[in-house]
Amino acid sequence: MDRTLKYPPFIFVLLISSGIVLAHVLKVGFAFLIFLNFILFLLAFLFSKYLKLYYLFIGLSLIVLGMNCTFEKAKRLKEDLNLGSTYFIGRISSFPSEILSPHGTKVRFKFKCDRKIGRQFWFRFDQTLLVSLPKPDFDLQYGDELLIKGELKKPQESRNPGSFNTEAYFEREGIFAWVHLKEKRDTLLLARGKGNFILAFIGKLRWHLIKMINKNIPPPQNSVVSALLLGDQKNIPFEIKDDFVKSGSAHLLAISGGNIALLSGLLLLFLKWFSFPKRFSYFVTLVALIFYCLLTGWSSSILRATFMACAYFLGLILKQDGEAMVSFSWSAIFILIFDPFQLFDPGFQFSYITVFALLTLIPPQEKNISDKFSRTILGKTFFSLKQIFLTSFVAWIGVMPLIAYYFYLWNPVAILSNIFTVPYFSFVITGGFFWLIFGSLNNFFADTLALSLDFLTRILIWLCKVFASFPYAYIHVKPPPILAILLFYGLIFIYIFRNFLKSSVLKFLILILCIANFLFWKELLNSETQKLKITFLDVGHGDSIFFEFPNKGNLLVDCGSGGILDQGRITIAPFLRSKGINTLDAILITHPHLDHYGGVRYLLNEFKVKRLFDNGDRTSYDYETIFKNRSLERQILKSGDQILGFGEARLDILYPYKRVLEDPTKGPNDQSIVFKLEVGQFSLLMTGDIEEKALSQLKCLKEKLKSKILKIPHHGSYENKSEEEFVTHAQPEAVIISESENNTYHLPSPLTLNFLKNFGCALYQTGFCGAIECITDGKSFEIKTRSTKN
């Protein structure tokens, strides 16, 4: 299997990729790299007679080329800009997509900005922006020139551990910043048809096809069909996406190699039926693939697959002999040179590692059992099933570490599910292609064939749901370290190139074992596990605080809001998965307000929860319905109680008093659970959403309130002098406010902030800092923030 080394393009891919990685580690000037590249090419030319030196200089020059490409793109994306609300003139440079949201339909598109106003003058602003706005009264199309008014924002890093990194996504997509428009009137159409006329035609066709899908196929099947055929997966319900991920079939929702291979096969079969020459058939197929790539919005996944297929068919046209590894390598080279950040795109990694594994790890189909047997129906069936299983198994093995790293999953059911879903997916896509063609020509075909496509899509969704529900179909795991992933692929490479390496195999194995040994002892001797960790998650306007005790116990206090932006699903679950946590020892809900309990429903469905604590308030119908038909231990906490089971940590409940829950004049906020955590000399006071009445009652505790860290009650609202006196009694060295930046409640109150600044304690806000982590050994404590902004 060392045949891959015979193809120089494959070596080029490895060298350019190494340069791109180095560019993210080393800080070297762009001009210096250009000069270095010139010197290396010159040396390669001078030493061309000495093959070893020649290959060395060529290899180094390709590494520097990868660094050059990376620095050039990074330079364009890191320019300074003035943030805030202003006017922009430019044109729509992508196909607009409509997204359903709780506040109505939104339209999102890439915007090639030409000019921006600043200090009463227009000046050139040549950047690509991502624009989001309420759906206007007129249809937006590719190439429309617009005047827009909106707030320019830089993309942010992930606000919480394990959450989606918006900044990295924008960087990979070449987007400079994003603009949010609040009103329809903030958009003015200046002109149409300012883009490429071919793309404008394709954009109108795409809009017509999406409209046809939404008209003839009911939800949620219409969103799945749009994803399978046109690459528009923005409106797929989360539950369906989750089933596809867990069953190992998520790749079906992204238009990629499967769609391209199927479309190519159908076209070649159709052209062969009419007896067209081979070269002509290859050319027509190549043009059709490019057209389909543009029709689906030329996303990264379809671009990669189209590049790969076009390189293959181009080889067939020119040489009448296509080599898959060469096509694979050249497509990767072109993509990495023009867009080096694709190397860090999960889709790029999944696509190319899967193809590489299939090309190198699957042996040729063996038929040496018996020639006579191989020609029988039973023999053909056996060999076909064997090849299908090997394909599914090898593809899963190839991307297994990446699935664990990005999705926190180990899903062996993917081997079985893809044996069924991939062939069936081909059947659905074939029917979908015919429906798009004939349905767009005649309304009768659109209505009739839509029923069949709807039925086929329902079965695909059902299949993924069934496989995802198998016992032990998937296991949530802690994401492996980068070194461990490199170790895994190092072993794969040693196996593939075992004949080429020969005596070097032992040396490589020794190196890999040393790395594995280092990772094992690093994890075993990690001193952080012997400390108490408290993470105040950024869940917007709400609370969610996670406690990790030294004895591996854990406690989650509040779960953020629910609904469309369910913080249990969006923030808390990814955070817990990133730590490898599948069991919660206890959840504590301070009071039944949606911004404190909203995410608990999702967490109860996805995690094993041993106990749940609350204040005993049973007046919230929505809160109580969460626990119907659940065998969950619920305990009511009141003043004087203690939470046990967390080793040396002492958790004393200070509030509410028993009479408070029976007092109708007390609102839910003033019935919040207040508790004090003590570990050694460290202490933390948690206050829920208590307001003036509760604060006045708690002042009498005086010395008991004294704490190293205080979580400010009710997101920093000002409760007259009662709050000031409460803070004075607590005497905190640091205070933390859980709030959302630029929230509609205008919290925290300026009066609260002014008092805290004058008080002289360190102030942290989740709206500015993102997640806030406090680490203590019981003697001293350290506070780390996700963002440096504070």
# chains A, B, ... in the order shown; residues from 1 in each chain; ligands from 1
>>> residues_around(residues="Phe470 (chain A)", least_positions_apart="2", cutoff="12 Å", atoms="only C-alpha atoms", output="number ranges by chain")
A: 243, 246-247, 411-414, 416-417, 463-468, 472-475
>>> select_by_dssp(residues="region 79-172 of chain A", states="alpha helix (DSSP H)", output="ChimeraX atom specification")
/A:166-172
>>> select_by_dssp(residues="region 265-483 of chain A", states="strand (DSSP E or B)", output="list in words")
Leu409, Trp410, Ile475 and His476 of chain A
>>> atom_distance(atom1="CA of Lys52 (chain A)", atom2="CA of Ile337 (chain A)")
25.4 Å
>>> residues_around(residues="Ala288 (chain A)", least_positions_apart="5", cutoff="10 Å", atoms="only C-alpha atoms", output="VMD selection string")
chain A and resid 260 263 to 264 267 282 to 283 293 to 294
>>> atom_distance(atom1="CA of Cys761 (chain A)", atom2="CA of Phe781 (chain A)")
14.4 Å
>>> closest_residue(among="A:Ser696, A:Ser85, A:Thr625, A:Ser163", to="Asn720 (chain A)", atoms="only C-alpha atoms")
A:Ser696
>>> residues_around(residues="Thr166 (chain A)", least_positions_apart="2", cutoff="8 Å", atoms="only C-alpha atoms", output="PDB file with all heavy atoms, in the first residue's frame")
ATOM      1  N   PRO A 155     -16.669  39.028  14.606  1.00  0.00           N
ATOM      2  CA  PRO A 155     -17.041  37.709  15.139  1.00  0.00           C
ATOM      3  C   PRO A 155     -16.310  37.417  16.436  1.00  0.00           C
ATOM      4  O   PRO A 155     -15.161  37.833  16.620  1.00  0.00           O
ATOM      5  CB  PRO A 155     -16.602  36.742  14.031  1.00  0.00           C
ATOM      6  CG  PRO A 155     -15.558  37.483  13.268  1.00  0.00           C
ATOM      7  CD  PRO A 155     -15.945  38.928  13.335  1.00  0.00           C
ATOM      8  N   GLN A 156     -16.979  36.714  17.342  1.00  0.00           N
ATOM      9  CA  GLN A 156     -16.404  36.410  18.647  1.00  0.00           C
ATOM     10  C   GLN A 156     -15.926  34.964  18.721  1.00  0.00           C
ATOM     11  O   GLN A 156     -16.401  34.100  17.995  1.00  0.00           O
ATOM     12  CB  GLN A 156     -17.447  36.634  19.749  1.00  0.00           C
ATOM     13  CG  GLN A 156     -17.886  38.076  19.895  1.00  0.00           C
ATOM     14  CD  GLN A 156     -18.946  38.232  20.977  1.00  0.00           C
ATOM     15  OE1 GLN A 156     -19.749  37.334  21.208  1.00  0.00           O
ATOM     16  NE2 GLN A 156     -18.946  39.365  21.647  1.00  0.00           N
ATOM     17  N   GLU A 157     -14.973  34.744  19.598  1.00  0.00           N
ATOM     18  CA  GLU A 157     -14.588  33.371  19.907  1.00  0.00           C
ATOM     19  C   GLU A 157     -15.740  32.713  20.656  1.00  0.00           C
ATOM     20  O   GLU A 157     -16.699  33.375  21.066  1.00  0.00           O
ATOM     21  CB  GLU A 157     -13.331  33.355  20.772  1.00  0.00           C
ATOM     22  CG  GLU A 157     -12.099  33.881  20.080  1.00  0.00           C
ATOM     23  CD  GLU A 157     -10.878  33.833  20.976  1.00  0.00           C
ATOM     24  OE1 GLU A 157     -11.038  33.583  22.183  1.00  0.00           O
ATOM     25  OE2 GLU A 157      -9.785  34.038  20.462  1.00  0.00           O
ATOM     26  N   SER A 158     -15.657  31.412  20.842  1.00  0.00           N
ATOM     27  CA  SER A 158     -16.718  30.720  21.577  1.00  0.00           C
ATOM     28  C   SER A 158     -16.800  31.288  22.984  1.00  0.00           C
ATOM     29  O   SER A 158     -15.792  31.495  23.648  1.00  0.00           O
ATOM     30  CB  SER A 158     -16.450  29.217  21.626  1.00  0.00           C
ATOM     31  OG  SER A 158     -15.233  28.943  22.274  1.00  0.00           O
ATOM     32  N   PHE A 164     -19.735  26.582  19.929  1.00  0.00           N
ATOM     33  CA  PHE A 164     -19.366  26.872  18.548  1.00  0.00           C
ATOM     34  C   PHE A 164     -18.495  28.121  18.483  1.00  0.00           C
ATOM     35  O   PHE A 164     -18.799  29.138  19.108  1.00  0.00           O
ATOM     36  CB  PHE A 164     -20.624  27.080  17.712  1.00  0.00           C
ATOM     37  CG  PHE A 164     -20.369  27.325  16.250  1.00  0.00           C
ATOM     38  CD1 PHE A 164     -19.942  26.297  15.430  1.00  0.00           C
ATOM     39  CD2 PHE A 164     -20.546  28.583  15.705  1.00  0.00           C
ATOM     40  CE1 PHE A 164     -19.710  26.515  14.079  1.00  0.00           C
ATOM     41  CE2 PHE A 164     -20.313  28.810  14.363  1.00  0.00           C
ATOM     42  CZ  PHE A 164     -19.894  27.777  13.546  1.00  0.00           C
ATOM     43  N   ALA A 168     -13.703  31.431  14.276  1.00  0.00           N
ATOM     44  CA  ALA A 168     -13.020  30.468  13.413  1.00  0.00           C
ATOM     45  C   ALA A 168     -13.842  30.177  12.164  1.00  0.00           C
ATOM     46  O   ALA A 168     -13.291  30.037  11.062  1.00  0.00           O
ATOM     47  CB  ALA A 168     -12.745  29.176  14.190  1.00  0.00           C
ATOM     48  N   TYR A 169     -15.170  30.101  12.320  1.00  0.00           N
ATOM     49  CA  TYR A 169     -16.041  29.848  11.166  1.00  0.00           C
ATOM     50  C   TYR A 169     -15.954  31.001  10.163  1.00  0.00           C
ATOM     51  O   TYR A 169     -15.822  30.782   8.952  1.00  0.00           O
ATOM     52  CB  TYR A 169     -17.487  29.662  11.634  1.00  0.00           C
ATOM     53  CG  TYR A 169     -18.499  29.662  10.516  1.00  0.00           C
ATOM     54  CD1 TYR A 169     -18.654  28.545   9.699  1.00  0.00           C
ATOM     55  CD2 TYR A 169     -19.286  30.786  10.268  1.00  0.00           C
ATOM     56  CE1 TYR A 169     -19.573  28.551   8.661  1.00  0.00           C
ATOM     57  CE2 TYR A 169     -20.209  30.800   9.229  1.00  0.00           C
ATOM     58  CZ  TYR A 169     -20.348  29.687   8.441  1.00  0.00           C
ATOM     59  OH  TYR A 169     -21.249  29.699   7.409  1.00  0.00           O
ATOM     60  N   PHE A 170     -16.037  32.240  10.660  1.00  0.00           N
ATOM     61  CA  PHE A 170     -15.945  33.412   9.783  1.00  0.00           C
ATOM     62  C   PHE A 170     -14.595  33.433   9.069  1.00  0.00           C
ATOM     63  O   PHE A 170     -14.506  33.774   7.893  1.00  0.00           O
ATOM     64  CB  PHE A 170     -16.114  34.692  10.609  1.00  0.00           C
ATOM     65  CG  PHE A 170     -17.549  35.118  10.777  1.00  0.00           C
ATOM     66  CD1 PHE A 170     -18.497  34.211  11.208  1.00  0.00           C
ATOM     67  CD2 PHE A 170     -17.940  36.406  10.519  1.00  0.00           C
ATOM     68  CE1 PHE A 170     -19.812  34.584  11.378  1.00  0.00           C
ATOM     69  CE2 PHE A 170     -19.259  36.805  10.674  1.00  0.00           C
ATOM     70  CZ  PHE A 170     -20.198  35.894  11.110  1.00  0.00           C
TER      71      PHE A 170
END
>>> atom_distance(atom1="CA of Phe768 (chain A)", atom2="CA of Gly599 (chain A)")
22.0 Å
>>> closest_residue(among="A:Phe726, A:Ser327, A:Lys779, A:Phe197", to="Lys708 (chain A)", atoms="only C-alpha atoms")
A:Lys779
>>> residues_around(residues="Leu637 (chain A)", least_positions_apart="5", cutoff="7 Å", atoms="only C-alpha atoms", output="PDB file with C-alpha atoms, in the first residue's frame")
ATOM      1  CA  PHE A 613     -32.987  20.160  44.393  1.00  0.00           C
ATOM      2  CA  ASP A 614     -35.411  23.086  44.332  1.00  0.00           C
ATOM      3  CA  ASN A 615     -37.216  25.400  46.772  1.00  0.00           C
TER       4      ASN A 615
END
>>> residues_around(residues="region 178-183 of chain A", least_positions_apart="5", cutoff="7 Å", atoms="only C-alpha atoms", output="list in words")
Leu129, Leu130, Val131, Ser132, Leu133, Pro134, Lys149, Gly150, Glu151, Leu152, Lys153 and Lys154 of chain A
>>> residues_around(residues="Ile587 (chain A)", least_positions_apart="5", cutoff="7 Å", atoms="only C-alpha atoms", output="compact mmCIF listing (two decimals) with C-alpha atoms, in the first residue's frame")
# COMPACT_ATOMS: atom_id res chain seq x y z
CA LEU A 555 -23.36 19.98 40.84
CA LEU A 556 -25.19 22.15 38.28
CA VAL A 557 -26.94 25.22 39.67
CA ARG A 611 -30.88 14.15 42.24
CA LEU A 612 -32.71 17.44 41.74
CA PHE A 613 -32.99 20.16 44.39
>>> closest_residue(among="A:Glu724, A:Asp126, A:Asp622, A:Asp339", to="Lys757 (chain A)", atoms="only C-alpha atoms")
A:Glu724
>>> closest_residue(among="A:Ser722, A:Ala450, A:Ile709, A:Lys628", to="Cys774 (chain A)", atoms="only C-alpha atoms")
A:Ile709
>>> closest_atom_pairs(of="region 602-704 of chain A", to="region 527-542 of chain A", cutoff="10 Å", atoms="only C-alpha atoms", output="JSON lines")
{"residue": "A:Ala649", "atom": "CA", "partner": "A:Leu532", "partner_atom": "CA", "distance": 8.9}
{"residue": "A:Val679", "atom": "CA", "partner": "A:Leu532", "partner_atom": "CA", "distance": 8.3}
{"residue": "A:Phe682", "atom": "CA", "partner": "A:Leu532", "partner_atom": "CA", "distance": 10.0}
{"residue": "A:Leu684", "atom": "CA", "partner": "A:Ile534", "partner_atom": "CA", "distance": 9.8}
{"residue": "A:Gly688", "atom": "CA", "partner": "A:Gly542", "partner_atom": "CA", "distance": 9.9}
{"residue": "A:Asp689", "atom": "CA", "partner": "A:Gly542", "partner_atom": "CA", "distance": 9.7}
>>> write_last_selection(atoms="C-alpha atoms", output="PDB file, in the first residue's frame")
ATOM      1  CA  ALA A 649     -17.040  20.744  50.506  1.00  0.00           C
ATOM      2  CA  VAL A 679     -13.837  24.468  51.073  1.00  0.00           C
ATOM      3  CA  PHE A 682     -12.349  29.472  50.396  1.00  0.00           C
ATOM      4  CA  LEU A 684     -18.621  31.368  47.702  1.00  0.00           C
ATOM      5  CA  GLY A 688     -30.145  33.328  42.844  1.00  0.00           C
ATOM      6  CA  ASP A 689     -32.492  36.212  41.973  1.00  0.00           C
TER       7      ASP A 689
END
>>> decode(residues="region 629-666 of chain A", atoms="N, CA and C atoms", output="JSON list (two decimals), in the first residue's frame")
[["chain", "number", "residue", "atom", "x", "y", "z"],
["A", 629, "ASN", "N", -43.82, 11.75, 34.73],
["A", 629, "ASN", "CA", -43.39, 10.44, 34.21],
["A", 629, "ASN", "C", -41.88, 10.26, 34.25],
["A", 630, "ARG", "N", -41.23, 10.90, 35.21],
["A", 630, "ARG", "CA", -39.79, 10.71, 35.39],
["A", 630, "ARG", "C", -39.53, 10.16, 36.79],
["A", 631, "SER", "N", -38.71, 9.14, 36.87],
["A", 631, "SER", "CA", -38.34, 8.59, 38.17],
["A", 631, "SER", "C", -37.08, 9.32, 38.66],
["A", 632, "LEU", "N", -37.28, 10.54, 39.12],
["A", 632, "LEU", "CA", -36.18, 11.39, 39.54],
["A", 632, "LEU", "C", -36.38, 11.80, 40.99],
["A", 633, "GLU", "N", -35.35, 11.67, 41.78],
["A", 633, "GLU", "CA", -35.40, 12.05, 43.19],
["A", 633, "GLU", "C", -35.37, 13.58, 43.30],
["A", 634, "ARG", "N", -36.47, 14.15, 43.81],
["A", 634, "ARG", "CA", -36.55, 15.62, 44.00],
["A", 634, "ARG", "C", -36.56, 15.93, 45.49],
["A", 635, "GLN", "N", -35.71, 16.88, 45.89],
["A", 635, "GLN", "CA", -35.63, 17.26, 47.30],
["A", 635, "GLN", "C", -35.83, 18.77, 47.43],
["A", 636, "ILE", "N", -36.59, 19.15, 48.46],
["A", 636, "ILE", "CA", -36.85, 20.57, 48.73],
["A", 636, "ILE", "C", -35.80, 21.08, 49.72],
["A", 637, "LEU", "N", -35.21, 22.22, 49.41],
["A", 637, "LEU", "CA", -34.20, 22.83, 50.27],
["A", 637, "LEU", "C", -34.77, 24.07, 50.94],
["A", 638, "LYS", "N", -34.42, 24.23, 52.22],
["A", 638, "LYS", "CA", -34.82, 25.42, 52.96],
["A", 638, "LYS", "C", -33.71, 25.78, 53.93],
["A", 639, "SER", "N", -33.84, 26.93, 54.54],
["A", 639, "SER", "CA", -32.81, 27.43, 55.45],
["A", 639, "SER", "C", -32.50, 26.40, 56.55],
["A", 640, "GLY", "N", -31.21, 26.16, 56.78],
["A", 640, "GLY", "CA", -30.77, 25.21, 57.79],
["A", 640, "GLY", "C", -30.37, 23.87, 57.22],
["A", 641, "ASP", "N", -30.75, 23.59, 55.95],
["A", 641, "ASP", "CA", -30.38, 22.32, 55.33],
["A", 641, "ASP", "C", -28.92, 22.34, 54.87],
["A", 642, "GLN", "N", -28.41, 21.14, 54.64],
["A", 642, "GLN", "CA", -27.07, 20.98, 54.08],
["A", 642, "GLN", "C", -27.13, 20.00, 52.91],
["A", 643, "ILE", "N", -26.32, 20.25, 51.89],
["A", 643, "ILE", "CA", -26.19, 19.31, 50.78],
["A", 643, "ILE", "C", -24.93, 18.49, 51.03],
["A", 644, "LEU", "N", -25.11, 17.18, 51.16],
["A", 644, "LEU", "CA", -24.01, 16.29, 51.48],
["A", 644, "LEU", "C", -23.59, 15.48, 50.25],
["A", 645, "GLY", "N", -22.44, 14.85, 50.35],
["A", 645, "GLY", "CA", -21.99, 13.94, 49.31],
["A", 645, "GLY", "C", -20.93, 14.49, 48.40],
["A", 646, "PHE", "N", -20.36, 15.66, 48.75],
["A", 646, "PHE", "CA", -19.32, 16.27, 47.91],
["A", 646, "PHE", "C", -18.00, 16.40, 48.67],
["A", 647, "GLY", "N", -17.66, 15.35, 49.40],
["A", 647, "GLY", "CA", -16.37, 15.31, 50.09],
["A", 647, "GLY", "C", -16.25, 16.37, 51.17],
["A", 648, "GLU", "N", -15.14, 17.09, 51.16],
["A", 648, "GLU", "CA", -14.87, 18.10, 52.19],
["A", 648, "GLU", "C", -15.65, 19.39, 51.95],
["A", 649, "ALA", "N", -16.28, 19.52, 50.80],
["A", 649, "ALA", "CA", -17.04, 20.74, 50.51],
["A", 649, "ALA", "C", -18.29, 20.81, 51.38],
["A", 650, "ARG", "N", -18.53, 21.98, 51.96],
["A", 650, "ARG", "CA", -19.69, 22.19, 52.83],
["A", 650, "ARG", "C", -20.65, 23.15, 52.12],
["A", 651, "LEU", "N", -21.89, 22.71, 51.90],
["A", 651, "LEU", "CA", -22.90, 23.55, 51.25],
["A", 651, "LEU", "C", -24.05, 23.78, 52.22],
["A", 652, "ASP", "N", -24.12, 24.97, 52.75],
["A", 652, "ASP", "CA", -25.15, 25.34, 53.72],
["A", 652, "ASP", "C", -26.23, 26.19, 53.05],
["A", 653, "ILE", "N", -27.49, 25.79, 53.24],
["A", 653, "ILE", "CA", -28.62, 26.54, 52.69],
["A", 653, "ILE", "C", -28.99, 27.65, 53.69],
["A", 654, "LEU", "N", -28.90, 28.90, 53.25],
["A", 654, "LEU", "CA", -29.20, 30.04, 54.11],
["A", 654, "LEU", "C", -30.62, 30.56, 53.91],
["A", 655, "TYR", "N", -31.23, 30.26, 52.78],
["A", 655, "TYR", "CA", -32.52, 30.84, 52.43],
["A", 655, "TYR", "C", -33.12, 29.98, 51.31],
["A", 656, "PRO", "N", -34.45, 29.83, 51.21],
["A", 656, "PRO", "CA", -35.50, 30.60, 51.89],
["A", 656, "PRO", "C", -35.90, 29.96, 53.23],
["A", 657, "TYR", "N", -36.43, 30.78, 54.10],
["A", 657, "TYR", "CA", -37.02, 30.26, 55.33],
["A", 657, "TYR", "C", -38.33, 29.55, 54.99],
["A", 658, "LYS", "N", -38.74, 28.64, 55.83],
["A", 658, "LYS", "CA", -39.93, 27.85, 55.55],
["A", 658, "LYS", "C", -41.17, 28.73, 55.39],
["A", 659, "ARG", "N", -41.23, 29.79, 56.18],
["A", 659, "ARG", "CA", -42.42, 30.67, 56.14],
["A", 659, "ARG", "C", -42.47, 31.50, 54.85],
["A", 660, "VAL", "N", -41.31, 31.67, 54.21],
["A", 660, "VAL", "CA", -41.26, 32.50, 53.01],
["A", 660, "VAL", "C", -42.06, 31.88, 51.87],
["A", 661, "LEU", "N", -41.97, 30.55, 51.72],
["A", 661, "LEU", "CA", -42.70, 29.87, 50.65],
["A", 661, "LEU", "C", -44.21, 29.92, 50.87],
["A", 662, "GLU", "N", -44.62, 30.11, 52.12],
["A", 662, "GLU", "CA", -46.06, 30.18, 52.43],
["A", 662, "GLU", "C", -46.58, 31.61, 52.41],
["A", 663, "ASP", "N", -45.70, 32.58, 52.14],
["A", 663, "ASP", "CA", -46.08, 33.99, 52.15],
["A", 663, "ASP", "C", -46.46, 34.42, 50.73],
["A", 664, "PRO", "N", -47.73, 34.72, 50.47],
["A", 664, "PRO", "CA", -48.16, 35.09, 49.10],
["A", 664, "PRO", "C", -47.59, 36.43, 48.64],
["A", 665, "THR", "N", -47.11, 37.25, 49.55],
["A", 665, "THR", "CA", -46.56, 38.56, 49.16],
["A", 665, "THR", "C", -45.15, 38.44, 48.58],
["A", 666, "LYS", "N", -44.54, 37.28, 48.80],
["A", 666, "LYS", "CA", -43.19, 37.06, 48.27],
["A", 666, "LYS", "C", -43.28, 36.52, 46.83]]
